[in-house]
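The next block is start-v3.cif, given as mmCIF, C-alpha atoms.
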data_start
#
loop_
_atom_site.label_atom_id
_atom_site.label_comp_id
_atom_site.auth_asym_id
_atom_site.auth_seq_id
_atom_site.Cartn_x
_atom_site.Cartn_y
_atom_site.Cartn_z
CA MET A 1 10.01 4.76 -19.38
CA SER A 2 7.42 2.15 -20.40
CA PHE A 3 4.52 4.60 -20.60
CA THR A 4 2.09 3.54 -23.26
CA SER A 5 2.26 5.47 -26.47
CA GLY A 6 -0.88 7.25 -27.67
CA THR A 7 -4.07 7.11 -25.62
CA THR A 8 -4.46 5.55 -22.20
CA ARG A 9 -6.13 2.14 -22.07
CA TRP A 10 -8.82 3.15 -19.59
CA ALA A 11 -10.57 -0.20 -19.85
CA ASP A 12 -7.43 -1.91 -18.57
CA VAL A 13 -6.99 0.70 -15.83
CA SER A 14 -10.60 0.14 -14.73
CA LEU A 15 -10.08 -3.63 -14.63
CA ILE A 16 -6.96 -3.28 -12.47
CA ALA A 17 -8.70 -0.73 -10.21
CA GLY A 18 -11.70 -3.02 -9.80
CA ALA A 19 -9.50 -6.01 -9.07
CA ARG A 20 -7.53 -3.99 -6.51
CA GLY A 21 -10.67 -2.75 -4.78
CA ILE A 22 -12.19 -6.23 -4.57
CA SER A 23 -8.97 -7.92 -3.46
CA VAL A 24 -8.22 -5.25 -0.82
CA LEU A 25 -11.78 -5.63 0.44
CA GLY A 26 -11.21 -9.37 0.70
CA ASP A 27 -7.81 -8.96 2.38
CA PHE A 28 -9.11 -6.64 5.10
CA LEU A 29 -12.27 -8.69 5.46
CA ALA A 30 -10.17 -11.77 6.16
CA ALA A 31 -7.76 -9.94 8.48
CA THR A 32 -10.59 -8.53 10.58
CA THR A 33 -12.43 -11.86 10.61
CA LEU A 34 -9.38 -13.87 11.65
CA ALA A 35 -8.48 -11.38 14.40
CA LEU A 36 -12.03 -11.71 15.75
CA VAL A 37 -11.85 -15.50 15.51
CA LEU A 38 -8.58 -15.71 17.44
CA GLN A 39 -9.85 -13.30 20.09
CA GLN A 40 -13.20 -15.08 20.50
CA ARG A 41 -11.48 -18.44 20.89
CA GLY A 42 -9.28 -17.10 23.69
CA HIS A 43 -5.92 -17.33 21.91
CA GLY A 44 -4.82 -13.92 23.22
CA GLY A 45 -2.60 -11.11 22.03
CA LEU A 46 0.32 -13.32 21.03
CA ALA A 47 -1.76 -15.10 18.39
CA VAL A 48 -3.17 -11.81 17.06
CA SER A 49 0.34 -10.33 16.89
CA GLY A 50 1.53 -13.43 15.05
CA LEU A 51 -1.34 -12.99 12.60
CA LEU A 52 -0.37 -9.37 11.89
CA ILE A 53 3.29 -10.25 11.45
CA ALA A 54 2.43 -13.17 9.15
CA ALA A 55 0.37 -10.81 6.98
CA SER A 56 3.21 -8.28 6.63
CA LEU A 57 6.60 -9.95 6.96
CA PRO A 58 6.54 -11.99 3.71
CA LEU A 59 5.91 -8.80 1.73
CA ALA A 60 9.17 -7.38 3.04
CA LEU A 61 11.26 -10.55 2.92
CA LEU A 62 10.13 -11.72 -0.52
CA ALA A 63 10.35 -8.33 -2.24
CA PRO A 64 13.56 -9.16 -4.17
CA ILE A 65 12.02 -12.36 -5.53
CA GLY A 66 8.65 -10.77 -6.29
CA GLY A 67 10.26 -7.83 -8.05
CA ARG A 68 12.48 -9.98 -10.25
CA LEU A 69 9.60 -12.26 -11.20
CA ALA A 70 7.43 -9.25 -12.02
CA ASP A 71 10.13 -8.04 -14.41
CA ARG A 72 10.94 -11.42 -15.97
CA VAL A 73 7.69 -13.41 -16.11
CA ASP A 74 4.58 -12.70 -18.14
CA SER A 75 2.26 -10.56 -15.98
CA ARG A 76 -0.77 -12.62 -17.05
CA THR A 77 0.87 -15.82 -15.83
CA ILE A 78 1.67 -14.30 -12.43
CA LEU A 79 -1.79 -12.84 -11.86
CA VAL A 80 -3.72 -15.93 -12.95
CA LEU A 81 -1.66 -18.61 -11.21
CA THR A 82 -1.11 -16.62 -8.01
CA GLY A 83 -4.75 -15.58 -7.83
CA LEU A 84 -5.90 -19.19 -8.13
CA ALA A 85 -3.44 -20.31 -5.45
CA GLN A 86 -4.55 -17.54 -3.08
CA ALA A 87 -8.22 -18.40 -3.60
CA ALA A 88 -7.48 -22.02 -2.71
CA ILE A 89 -5.48 -21.03 0.39
CA CYS A 90 -8.23 -18.72 1.61
CA ALA A 91 -10.87 -21.40 1.07
CA TRP A 92 -8.70 -23.70 3.24
CA LEU A 93 -8.62 -20.97 5.90
CA ALA A 94 -12.42 -21.04 6.05
CA PHE A 95 -12.32 -24.66 7.29
CA THR A 96 -9.52 -24.57 9.84
CA GLY A 97 -9.48 -23.48 13.48
CA ASN A 98 -5.89 -24.30 14.45
CA PRO A 99 -4.18 -20.96 15.26
CA VAL A 100 -0.75 -22.15 14.07
CA LEU A 101 -2.19 -23.32 10.74
CA ILE A 102 -4.16 -20.08 10.40
CA ILE A 103 -0.98 -18.01 10.83
CA ALA A 104 0.89 -20.24 8.35
CA LEU A 105 -1.85 -19.90 5.73
CA VAL A 106 -1.97 -16.12 6.22
CA ALA A 107 1.79 -16.05 5.60
CA ALA A 108 1.22 -18.02 2.39
CA LEU A 109 -1.41 -15.49 1.28
CA ALA A 110 1.01 -12.64 1.96
CA SER A 111 3.67 -14.45 -0.07
CA GLY A 112 1.28 -14.35 -3.02
CA LEU A 113 0.80 -10.62 -2.52
CA ALA A 114 4.59 -10.24 -2.74
CA LEU A 115 4.20 -11.40 -6.35
CA THR A 116 0.97 -9.71 -7.43
CA GLN A 117 1.53 -6.26 -5.93
CA PRO A 118 4.68 -5.34 -7.90
CA THR A 119 3.17 -6.95 -10.99
CA THR A 120 0.01 -4.83 -10.95
CA SER A 121 1.95 -1.69 -9.97
CA ALA A 122 4.38 -2.18 -12.85
CA LEU A 123 1.50 -2.72 -15.27
CA LEU A 124 0.01 0.71 -14.61
CA PRO A 125 2.68 2.78 -16.44
CA SER A 126 2.25 0.45 -19.42
CA MET A 127 -1.50 1.18 -19.50
CA ALA A 128 -1.42 4.94 -18.98
CA SER A 129 0.25 7.71 -20.92
CA GLN A 130 2.63 9.99 -19.04
CA ASP A 131 -0.01 12.71 -18.70
CA ASP A 132 -2.73 10.31 -17.55
CA LEU A 133 -0.66 8.33 -15.05
CA PRO A 134 -1.58 10.52 -12.03
CA LYS A 135 -5.29 10.11 -12.79
CA ALA A 136 -4.91 6.36 -13.38
CA SER A 137 -2.92 5.98 -10.16
CA GLY A 138 -5.54 7.98 -8.25
CA LEU A 139 -8.29 5.72 -9.60
CA VAL A 140 -6.49 2.55 -8.51
CA GLN A 141 -5.59 4.01 -5.10
CA THR A 142 -9.19 5.15 -4.55
CA ALA A 143 -10.53 1.69 -5.32
CA GLY A 144 -8.20 0.21 -2.73
CA MET A 145 -9.18 2.80 -0.12
CA ILE A 146 -12.87 2.11 -0.63
CA GLY A 147 -12.18 -1.59 -0.11
CA MET A 148 -10.36 -0.78 3.14
CA LEU A 149 -13.21 1.42 4.34
CA VAL A 150 -15.93 -1.14 3.67
CA ALA A 151 -14.13 -4.27 4.90
CA PRO A 152 -14.13 -3.82 8.73
CA ALA A 153 -17.84 -3.02 8.93
CA LEU A 154 -18.69 -5.86 6.55
CA ALA A 155 -16.55 -8.27 8.56
CA GLY A 156 -18.25 -7.34 11.80
CA LEU A 157 -21.68 -7.78 10.21
CA LEU A 158 -20.91 -11.13 8.56
CA VAL A 159 -19.10 -12.62 11.56
CA GLY A 160 -21.91 -11.54 13.87
CA GLN A 161 -24.64 -12.90 11.63
CA THR A 162 -23.09 -16.00 10.02
CA GLY A 163 -19.81 -16.81 11.77
CA ALA A 164 -16.30 -16.74 10.32
CA ARG A 165 -16.67 -19.15 7.40
CA LEU A 166 -18.73 -16.97 5.04
CA PRO A 167 -16.45 -13.89 5.14
CA LEU A 168 -13.42 -16.10 4.51
CA LEU A 169 -15.14 -17.72 1.54
CA VAL A 170 -15.99 -14.23 0.28
CA ASP A 171 -12.28 -13.42 0.57
CA ALA A 172 -11.43 -16.56 -1.42
CA ALA A 173 -13.80 -15.42 -4.15
CA SER A 174 -12.24 -11.95 -4.13
CA TYR A 175 -8.90 -13.37 -5.24
CA LEU A 176 -10.59 -14.55 -8.40
CA ALA A 177 -10.84 -10.86 -9.34
CA LEU A 178 -7.08 -10.98 -9.94
CA VAL A 179 -7.56 -14.00 -12.19
CA VAL A 180 -10.24 -12.18 -14.19
CA ALA A 181 -8.04 -9.09 -14.46
CA GLY A 182 -5.07 -11.17 -15.57
CA LEU A 183 -7.13 -12.83 -18.30
CA CYS A 184 -9.00 -9.73 -19.49
CA VAL A 185 -6.40 -6.97 -19.32
CA LYS A 186 -4.84 -6.52 -22.76
CA THR A 187 -1.74 -4.76 -21.48
CA ARG A 188 0.97 -7.24 -20.58
CA ARG A 189 4.54 -7.10 -19.35
CA ARG A 190 6.24 -10.13 -20.82
CA GLY A 191 9.61 -9.66 -19.13
CA ALA A 192 12.93 -8.57 -20.52
CA THR A 193 14.33 -12.08 -20.70
CA ALA A 194 11.48 -13.11 -22.97
CA GLN A 195 12.57 -10.57 -25.58
CA ALA A 196 15.05 -11.62 -28.22
CA GLY A 197 18.47 -10.16 -27.51
CA ALA A 198 17.33 -8.42 -24.32
CA THR A 199 19.57 -8.46 -21.28
CA PRO A 200 18.24 -7.66 -17.80
CA ILE A 201 19.81 -4.44 -16.55
CA ALA A 202 21.30 -4.03 -13.10
CA TRP A 203 19.23 -1.65 -11.00
CA ARG A 204 19.52 -0.58 -7.39
CA LEU A 205 17.38 1.89 -5.52
CA ARG A 206 20.36 3.73 -4.08
CA ASP A 207 21.68 4.48 -7.57
CA GLY A 208 19.01 7.18 -7.94
CA ARG A 209 19.51 9.79 -5.22
CA THR A 210 16.10 11.41 -5.66
CA LEU A 211 14.13 8.17 -5.74
CA PHE A 212 16.11 6.85 -2.79
CA ALA A 213 15.29 9.99 -0.79
CA ALA A 214 11.61 9.67 -1.64
CA VAL A 215 11.42 6.05 -0.48
CA VAL A 216 13.34 6.78 2.73
CA ALA A 217 11.02 9.68 3.59
CA ILE A 218 7.84 7.72 2.95
CA THR A 219 9.15 4.71 4.90
CA ALA A 220 9.79 6.94 7.91
CA VAL A 221 6.31 8.42 7.69
CA VAL A 222 4.74 4.96 7.35
CA ALA A 223 6.62 3.81 10.46
CA GLY A 224 5.08 6.70 12.38
CA VAL A 225 1.59 6.05 11.02
CA GLY A 226 1.95 2.36 11.87
CA ALA A 227 2.82 3.30 15.44
CA ILE A 228 -0.12 5.70 15.60
CA ASN A 229 -2.46 2.82 14.77
CA VAL A 230 -1.44 1.33 18.12
CA VAL A 231 -1.28 4.56 20.13
CA ASP A 232 -4.41 6.39 18.96
CA VAL A 233 -6.85 3.98 20.59
CA PHE A 234 -5.29 4.72 24.00
CA PHE A 235 -5.03 8.44 23.26
CA ILE A 236 -8.64 8.78 22.10
CA ARG A 237 -10.28 6.43 24.59
CA ASP A 238 -8.15 6.91 27.73
CA THR A 239 -6.58 10.36 27.45
CA LEU A 240 -9.43 12.18 25.67
CA HIS A 241 -12.17 9.97 27.21
CA ALA A 242 -14.05 9.62 23.90
CA SER A 243 -16.73 7.04 23.14
CA THR A 244 -16.16 4.01 20.96
CA THR A 245 -18.39 5.64 18.33
CA LEU A 246 -16.20 8.74 18.18
CA TYR A 247 -13.10 6.56 18.04
CA GLY A 248 -14.55 4.79 15.02
CA LEU A 249 -15.36 8.12 13.34
CA VAL A 250 -11.82 9.40 13.90
CA SER A 251 -10.35 6.21 12.46
CA ALA A 252 -12.62 6.47 9.42
CA ALA A 253 -11.73 10.16 8.95
CA TRP A 254 -8.14 9.37 7.93
CA MET A 255 -9.31 6.81 5.39
CA ALA A 256 -11.93 9.21 4.03
CA GLY A 257 -9.20 11.83 3.65
CA MET A 258 -7.07 9.34 1.73
CA VAL A 259 -9.91 8.78 -0.74
CA LEU A 260 -10.24 12.55 -1.24
CA GLY A 261 -6.49 12.91 -1.62
CA SER A 262 -6.23 10.11 -4.17
CA ILE A 263 -8.99 11.67 -6.26
CA GLY A 264 -7.82 15.26 -5.91
CA PHE A 265 -4.09 14.78 -6.46
CA GLY A 266 -4.82 12.33 -9.26
CA ARG A 267 -6.09 15.32 -11.24
CA LEU A 268 -2.73 17.10 -11.14
CA ARG A 269 -0.72 17.50 -14.30
CA ARG A 270 2.23 15.16 -14.33
CA GLU A 271 4.85 17.92 -14.38
CA ARG A 272 3.52 19.21 -11.06
CA ILE A 273 4.23 15.89 -9.34
CA THR A 274 7.71 16.39 -7.89
CA VAL A 275 9.85 14.85 -5.19
CA PRO A 276 9.82 18.08 -3.13
CA GLY A 277 6.04 17.99 -3.44
CA LEU A 278 6.07 14.42 -2.15
CA LEU A 279 8.16 15.48 0.85
CA ALA A 280 5.77 18.37 1.50
CA LEU A 281 2.77 16.01 1.50
CA ALA A 282 4.57 13.62 3.85
CA ALA A 283 5.34 16.56 6.13
CA GLY A 284 1.69 17.62 5.94
CA ALA A 285 0.51 14.23 7.17
CA CYS A 286 2.98 14.38 10.06
CA THR A 287 1.96 17.94 10.92
CA ALA A 288 -1.65 16.78 11.33
CA VAL A 289 -0.43 14.14 13.78
CA LEU A 290 1.72 16.64 15.68
CA LEU A 291 -1.18 19.09 16.02
CA ALA A 292 -3.45 16.29 17.25
CA ALA A 293 -1.25 15.95 20.34
CA ALA A 294 -2.51 19.35 21.51
CA VAL A 295 -6.28 18.85 21.05
CA PRO A 296 -8.53 19.07 24.12
CA GLY A 297 -11.09 16.61 22.77
CA ALA A 298 -11.34 13.83 20.20
CA GLY A 299 -13.76 15.81 18.03
CA TRP A 300 -10.93 18.19 17.13
CA MET A 301 -9.08 15.25 15.59
CA LEU A 302 -11.70 14.77 12.86
CA PRO A 303 -10.59 17.69 10.63
CA LEU A 304 -6.93 17.01 11.41
CA TRP A 305 -7.29 13.34 10.46
CA VAL A 306 -9.13 14.24 7.25
CA ALA A 307 -6.30 16.66 6.37
CA GLY A 308 -3.65 14.06 7.22
CA GLY A 309 -5.47 11.47 5.14
CA ILE A 310 -5.65 13.85 2.17
CA CYS A 311 -1.88 14.28 2.34
CA ASN A 312 -1.50 10.50 2.70
CA GLY A 313 -3.64 9.92 -0.41
CA GLY A 314 -1.54 12.44 -2.31
CA VAL A 315 1.62 10.62 -1.22
CA SER A 316 0.27 7.38 -2.74
CA VAL A 317 -0.35 9.07 -6.09
CA PHE A 318 2.96 10.94 -6.09
CA ILE A 319 5.11 7.93 -5.24
CA THR A 320 3.53 5.81 -7.97
CA VAL A 321 4.23 8.45 -10.62
CA ILE A 322 7.74 9.13 -9.28
CA ILE A 323 8.76 5.47 -9.27
CA ALA A 324 7.30 4.89 -12.75
CA SER A 325 9.11 7.95 -14.09
CA ARG A 326 12.50 7.47 -12.48
CA ALA A 327 13.04 3.70 -12.56
CA PRO A 328 13.91 2.01 -15.88
CA ALA A 329 11.00 0.23 -17.55
CA VAL A 330 12.45 -3.25 -17.17
CA ALA A 331 13.02 -2.59 -13.46
CA HIS A 332 9.53 -1.35 -12.60
CA GLY A 333 8.65 -4.63 -10.89
CA ARG A 334 11.78 -4.47 -8.76
CA ALA A 335 11.28 -0.77 -8.00
CA PHE A 336 7.70 -1.20 -6.80
CA ALA A 337 8.67 -4.34 -4.87
CA VAL A 338 11.48 -2.50 -3.07
CA PHE A 339 9.12 0.33 -2.20
CA GLY A 340 6.50 -2.14 -0.98
CA ALA A 341 9.10 -3.90 1.18
CA ALA A 342 10.24 -0.60 2.65
CA VAL A 343 6.67 0.37 3.49
CA GLN A 344 5.95 -3.00 5.10
CA GLY A 345 9.20 -2.82 7.04
CA GLY A 346 8.39 0.68 8.25
CA SER A 347 4.91 -0.38 9.27
CA LEU A 348 6.20 -3.39 11.20
CA PHE A 349 8.85 -1.27 12.90
CA GLY A 350 6.19 1.22 13.97
CA LEU A 351 3.95 -1.52 15.35
CA LEU A 352 6.80 -3.18 17.26
CA LEU A 353 8.04 0.15 18.61
CA ALA A 354 4.66 1.41 19.75
CA GLY A 355 3.63 -1.73 21.65
CA PRO A 356 6.17 -1.44 24.50
CA LEU A 357 6.25 2.38 24.50
CA VAL A 358 2.52 2.81 25.00
CA GLU A 359 2.85 0.90 28.27
CA VAL A 360 5.32 3.39 29.78
CA VAL A 361 4.86 6.72 27.95
CA ASP A 362 1.85 9.02 28.00
CA PRO A 363 -0.09 8.62 24.70
CA ARG A 364 -0.20 12.39 24.13
CA ILE A 365 3.58 12.57 24.31
CA LEU A 366 3.88 9.60 21.94
CA ILE A 367 1.55 11.22 19.40
CA ALA A 368 3.63 14.41 19.50
CA ALA A 369 6.90 12.48 19.23
CA LEU A 370 5.69 10.45 16.23
CA GLY A 371 4.52 13.54 14.39
CA ALA A 372 7.77 15.36 15.11
CA ALA A 373 9.85 12.35 14.06
CA GLY A 374 8.05 12.21 10.69
CA LEU A 375 8.67 15.93 10.11
CA ILE A 376 12.36 15.52 10.94
CA ALA A 377 12.62 12.55 8.56
CA ALA A 378 11.04 14.52 5.71
CA ALA A 379 13.31 17.50 6.38
CA ALA A 380 16.39 15.28 6.54
CA CYS A 381 15.70 14.08 2.99
CA ILE A 382 15.66 17.59 1.52
CA PRO A 383 19.46 17.74 1.04
CA LEU A 384 19.30 14.48 -0.93
CA VAL A 385 17.15 15.97 -3.68
CA ARG A 386 17.67 18.85 -6.06
CA LEU A 387 15.02 21.35 -5.04
CA ARG A 388 15.67 23.82 -7.85
CA ASN A 389 13.42 23.13 -10.82
CA GLU A 390 12.82 19.58 -9.58
CA THR A 391 10.39 17.88 -11.97
CA LEU A 392 9.75 14.46 -13.33
CA SER A 393 11.29 15.16 -16.70
CA ARG A 394 12.69 11.95 -18.06
CA PRO A 395 16.46 11.49 -17.74
CA PRO A 396 18.47 10.06 -20.62
CA VAL A 397 17.79 6.34 -20.82
CA ASP A 398 19.55 3.64 -22.74
CA GLU A 399 17.23 2.07 -25.29
CA ARG A 400 17.61 -1.29 -23.58
CA THR A 401 15.49 -0.01 -20.70
CA LEU A 402 12.50 0.19 -23.02
CA VAL A 403 12.55 -3.46 -23.99
CA GLY A 404 10.84 -5.01 -21.00
CA ASP A 405 7.22 -4.05 -21.59
CA SER A 406 5.11 -5.59 -24.31
CA VAL A 407 1.61 -4.29 -24.90
CA GLY A 408 -1.05 -6.44 -26.44
CA ALA A 409 -2.77 -9.73 -25.83
#
Do you think you could lay out the structure here as structure tokens?
Amino acid sequence: MSFTSGTTRWADVSLIAGARGISVLGDFLAATTLALVLQQRGHGGLAVSGLLIAASLPLALLAPIGGRLADRVDSRTILVLTGLAQAAICAWLAFTGNPVLIIALVAALASGLALTQPTTSALLPSMASQDDLPKASGLVQTAGMIGMLVAPALAGLLVGQTGARLPLLVDAASYLALVVAGLCVKTRRRGATAQAGATPIAWRLRDGRTLFAAVVAITAVVAGVGAINVVDVFFIRDTLHASTTLYGLVSAAWMAGMVLGSIGFGRLRRERITVPGLLALAAGACTAVLLAAAVPGAGWMLPLWVAGGICNGGVSVFITVIIASRAPAVAHGRAFAVFGAAVQGGSLFGLLLAGPLVEVVDPRILIAALGAAGLIAAAACIPLVRLRNETLSRPPVDERTLVGDSVGA
């Protein structure tokens, strides 16, 4: 399954983790900055909604193209060329104020992510041995979470002190981290079609019952979490009458939990990372949400949100290892792209669903319903997986599936 033989190339893993952390920081820095810009210029909720959709929709729509390119084109070529294009687009964003053009450029940036995300995800199993993949995945996930934690505060500071141009230029520079990673990482996926005599294999997510169940469960949970991102501000501020400071602390608690979960579950031995375990972690995150519906004050949400975030961080580690272990090597790009598209689709569905509902349904009831819906979704996937002795032991694989990854400069 495309795991590197021998020792893990930790230098390459560190480069990819650093590039992910910097690029995620830049992405969230730009998203926060642009939302502030549109709001300050009086463009209203429609423009902000368009911005959010433009940042997410291309990742779902372009997943088939991004996955195929990740499996068929040299990973270095994708990372370098796409990173340069994204840096140029973001620099353009720093000098435009037209809301329509801003949304179009954000969509172009997201289209680039549809190429780079499956490429970097598919590279990880080629860098790490089977035993080290959970730790490597946890390192990369943690770097991304730290970027997400730092970005909003940094955006607020920079926009307040310097205006919107500087943070957008910082974002443009952050995309160069992908270029550096593409040039410096020694591990490369050259694509099955570049190998003599290699034929791309047909692969579909639904062909693997266990992997399909895992993706369906996580998509359902993501849809609920996406909806909570809309509902919780009304629940915390209006229903629980908490201050803006406490609201910020609660929001940060989930992210802090994700960092802890990525680190902690990244230390697990690979054989302990199972699909039933993934479903249990997803259920744990939803249970934290369900319990939050009963709290008398926002302070009680802090430990619940940390616990939910820990489960969420574990889910990120588990799904990376499960996809890498169950999808054929030459289809890793497609597998990670399909998962990314499902997650983006679930997130968009949650956002679109929560907007109208929060206007007519009590936020406490919505929080409870979202938590319960996630638990039901996780439970519904149990019959689709074999719970007895379910591990990530490698199934028999045709030798052709090992052709797609080439390691070395």
Taking a cut-off of 12 Å and counting only C-alpha atoms, can you build a table that, for each residue of segment 119-174 of chain A near segment 51-66 of chain A, reports the nearest atom pair and how far apart they are in Å (one decimal), sorted by chain then residue number, as a tab-separated table?
residue	atom	partner	partner_atom	distance
A:Thr119	CA	A:Gly66	CA	8.2
A:Thr120	CA	A:Gly66	CA	11.5
A:Ser121	CA	A:Gly66	CA	11.9
A:Ala122	CA	A:Gly66	CA	11.6
Write out, as a tab-separated table (two decimals), in the frame of the given file, the residues just selected, with C-alpha atoms.
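So the final result, stored in out-v5.tsv, reads:
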chain	number	residue	atom	x	y	z
A	119	THR	CA	3.17	-6.95	-10.99
A	120	THR	CA	0.01	-4.83	-10.95
A	121	SER	CA	1.95	-1.69	-9.97
A	122	ALA	CA	4.38	-2.18	-12.85
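Candidate residues A:Ala252, A:Leu115, A:Leu375, A:Ile365 were compared for distance to Ala341 of chain A, and the nearest is A:Leu115, using only C-alpha atoms.
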Pull out every residue that the PyMOL selection byres ((chain A and resi 309) around 10) matches in the shown coordinates and put them as a VMD selection string.
-> chain A and resid 252 to 262 284 to 285 288 303 to 308 310 to 315
What would the file look like if the residues just selected were written as a tab-separated table (two decimals), keeping the file's coordinate frame with C-alpha atoms?
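Writing the result to again_5.tsv gives the following:
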chain	number	residue	atom	x	y	z
A	252	ALA	CA	-12.62	6.47	9.42
A	253	ALA	CA	-11.73	10.16	8.95
A	254	TRP	CA	-8.14	9.37	7.93
A	255	MET	CA	-9.31	6.81	5.39
A	256	ALA	CA	-11.93	9.21	4.03
A	257	GLY	CA	-9.20	11.83	3.65
A	258	MET	CA	-7.07	9.34	1.73
A	259	VAL	CA	-9.91	8.78	-0.74
A	260	LEU	CA	-10.24	12.55	-1.24
A	261	GLY	CA	-6.49	12.91	-1.62
A	262	SER	CA	-6.23	10.11	-4.17
A	284	GLY	CA	1.69	17.62	5.94
A	285	ALA	CA	0.51	14.23	7.17
A	288	ALA	CA	-1.65	16.78	11.33
A	303	PRO	CA	-10.59	17.69	10.63
A	304	LEU	CA	-6.93	17.01	11.41
A	305	TRP	CA	-7.29	13.34	10.46
A	306	VAL	CA	-9.13	14.24	7.25
A	307	ALA	CA	-6.30	16.66	6.37
A	308	GLY	CA	-3.65	14.06	7.22
A	310	ILE	CA	-5.65	13.85	2.17
A	311	CYS	CA	-1.88	14.28	2.34
A	312	ASN	CA	-1.50	10.50	2.70
A	313	GLY	CA	-3.64	9.92	-0.41
A	314	GLY	CA	-1.54	12.44	-2.31
A	315	VAL	CA	1.62	10.62	-1.22
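Remark: for Ala88 of chain A, the closest of the candidate residues A:Leu176, A:Ala294, A:Ile16, A:Ala164 is A:Leu176 (distances computed over only C-alpha atoms).
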Which residues match the PyMOL selection byres ((chain A and resi 93-104) around 7) in the file above, as JSON, numbers by chain?
-> {"A": [50, 51, 54, 89, 90, 91, 92, 105, 106, 107, 108, 165, 168, 169]}
Please write the residues picked by the PyMOL selection byres ((chain A and resi 335) around 12) on this file as a PyMOL selection string.
-> chain A and resi 63-68+70-71+117-119+121-122+202-208+211-212+215+319-334+336-342
Selected residues, C-alpha atoms, written as a CSV table (one decimal), keeping the file's coordinate frame, please.
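Here's the written file part.csv:
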chain,number,residue,atom,x,y,z
A,63,ALA,CA,10.4,-8.3,-2.2
A,64,PRO,CA,13.6,-9.2,-4.2
A,65,ILE,CA,12.0,-12.4,-5.5
A,66,GLY,CA,8.6,-10.8,-6.3
A,67,GLY,CA,10.3,-7.8,-8.0
A,68,ARG,CA,12.5,-10.0,-10.2
A,70,ALA,CA,7.4,-9.2,-12.0
A,71,ASP,CA,10.1,-8.0,-14.4
A,117,GLN,CA,1.5,-6.3,-5.9
A,118,PRO,CA,4.7,-5.3,-7.9
A,119,THR,CA,3.2,-7.0,-11.0
A,121,SER,CA,2.0,-1.7,-10.0
A,122,ALA,CA,4.4,-2.2,-12.8
A,202,ALA,CA,21.3,-4.0,-13.1
A,203,TRP,CA,19.2,-1.6,-11.0
A,204,ARG,CA,19.5,-0.6,-7.4
A,205,LEU,CA,17.4,1.9,-5.5
A,206,ARG,CA,20.4,3.7,-4.1
A,207,ASP,CA,21.7,4.5,-7.6
A,208,GLY,CA,19.0,7.2,-7.9
A,211,LEU,CA,14.1,8.2,-5.7
A,212,PHE,CA,16.1,6.8,-2.8
A,215,VAL,CA,11.4,6.0,-0.5
A,319,ILE,CA,5.1,7.9,-5.2
A,320,THR,CA,3.5,5.8,-8.0
A,321,VAL,CA,4.2,8.4,-10.6
A,322,ILE,CA,7.7,9.1,-9.3
A,323,ILE,CA,8.8,5.5,-9.3
A,324,ALA,CA,7.3,4.9,-12.8
A,325,SER,CA,9.1,8.0,-14.1
A,326,ARG,CA,12.5,7.5,-12.5
A,327,ALA,CA,13.0,3.7,-12.6
A,328,PRO,CA,13.9,2.0,-15.9
A,329,ALA,CA,11.0,0.2,-17.6
A,330,VAL,CA,12.4,-3.2,-17.2
A,331,ALA,CA,13.0,-2.6,-13.5
A,332,HIS,CA,9.5,-1.4,-12.6
A,333,GLY,CA,8.6,-4.6,-10.9
A,334,ARG,CA,11.8,-4.5,-8.8
A,336,PHE,CA,7.7,-1.2,-6.8
A,337,ALA,CA,8.7,-4.3,-4.9
A,338,VAL,CA,11.5,-2.5,-3.1
A,339,PHE,CA,9.1,0.3,-2.2
A,340,GLY,CA,6.5,-2.1,-1.0
A,341,ALA,CA,9.1,-3.9,1.2
A,342,ALA,CA,10.2,-0.6,2.6
Could you tell me how far atom CA of Ile236 of chain A lies from atom CA of Leu290 of chain A, in Å and to one decimal?
-> 14.5 Å
Considering all atoms listed in the file, return as a ChimeraX atom specification whatever protein or nucleic-acid residues lie within 12 Å of segment 170-172 of chain A, sequence-local ones (same chain, fewer than 6 positions apart) excluded.
-> /A:22-34,83-95,109,147,151,154-155,158-159,164,178-179
Using all atoms listed in the file, the shortest atom-to-atom distance to Gly345 of chain A among A:Ile218, A:Val180, A:Leu157, A:Val250 belongs to A:Ile218
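For the atom pair formed by atom CA of Pro125 of chain A and atom CA of Val13 of chain A, the distance is 9.9 Å, given to one decimal.
Note that atom CA of Arg189 of chain A and atom CA of Leu123 of chain A are 6.7 Å apart.
Of the listed residues (A:Leu302, A:Ala136, A:Leu370, A:Cys381), A:Ala136 comes nearest to Gly266 of chain A; the distances count all atoms listed in the file.
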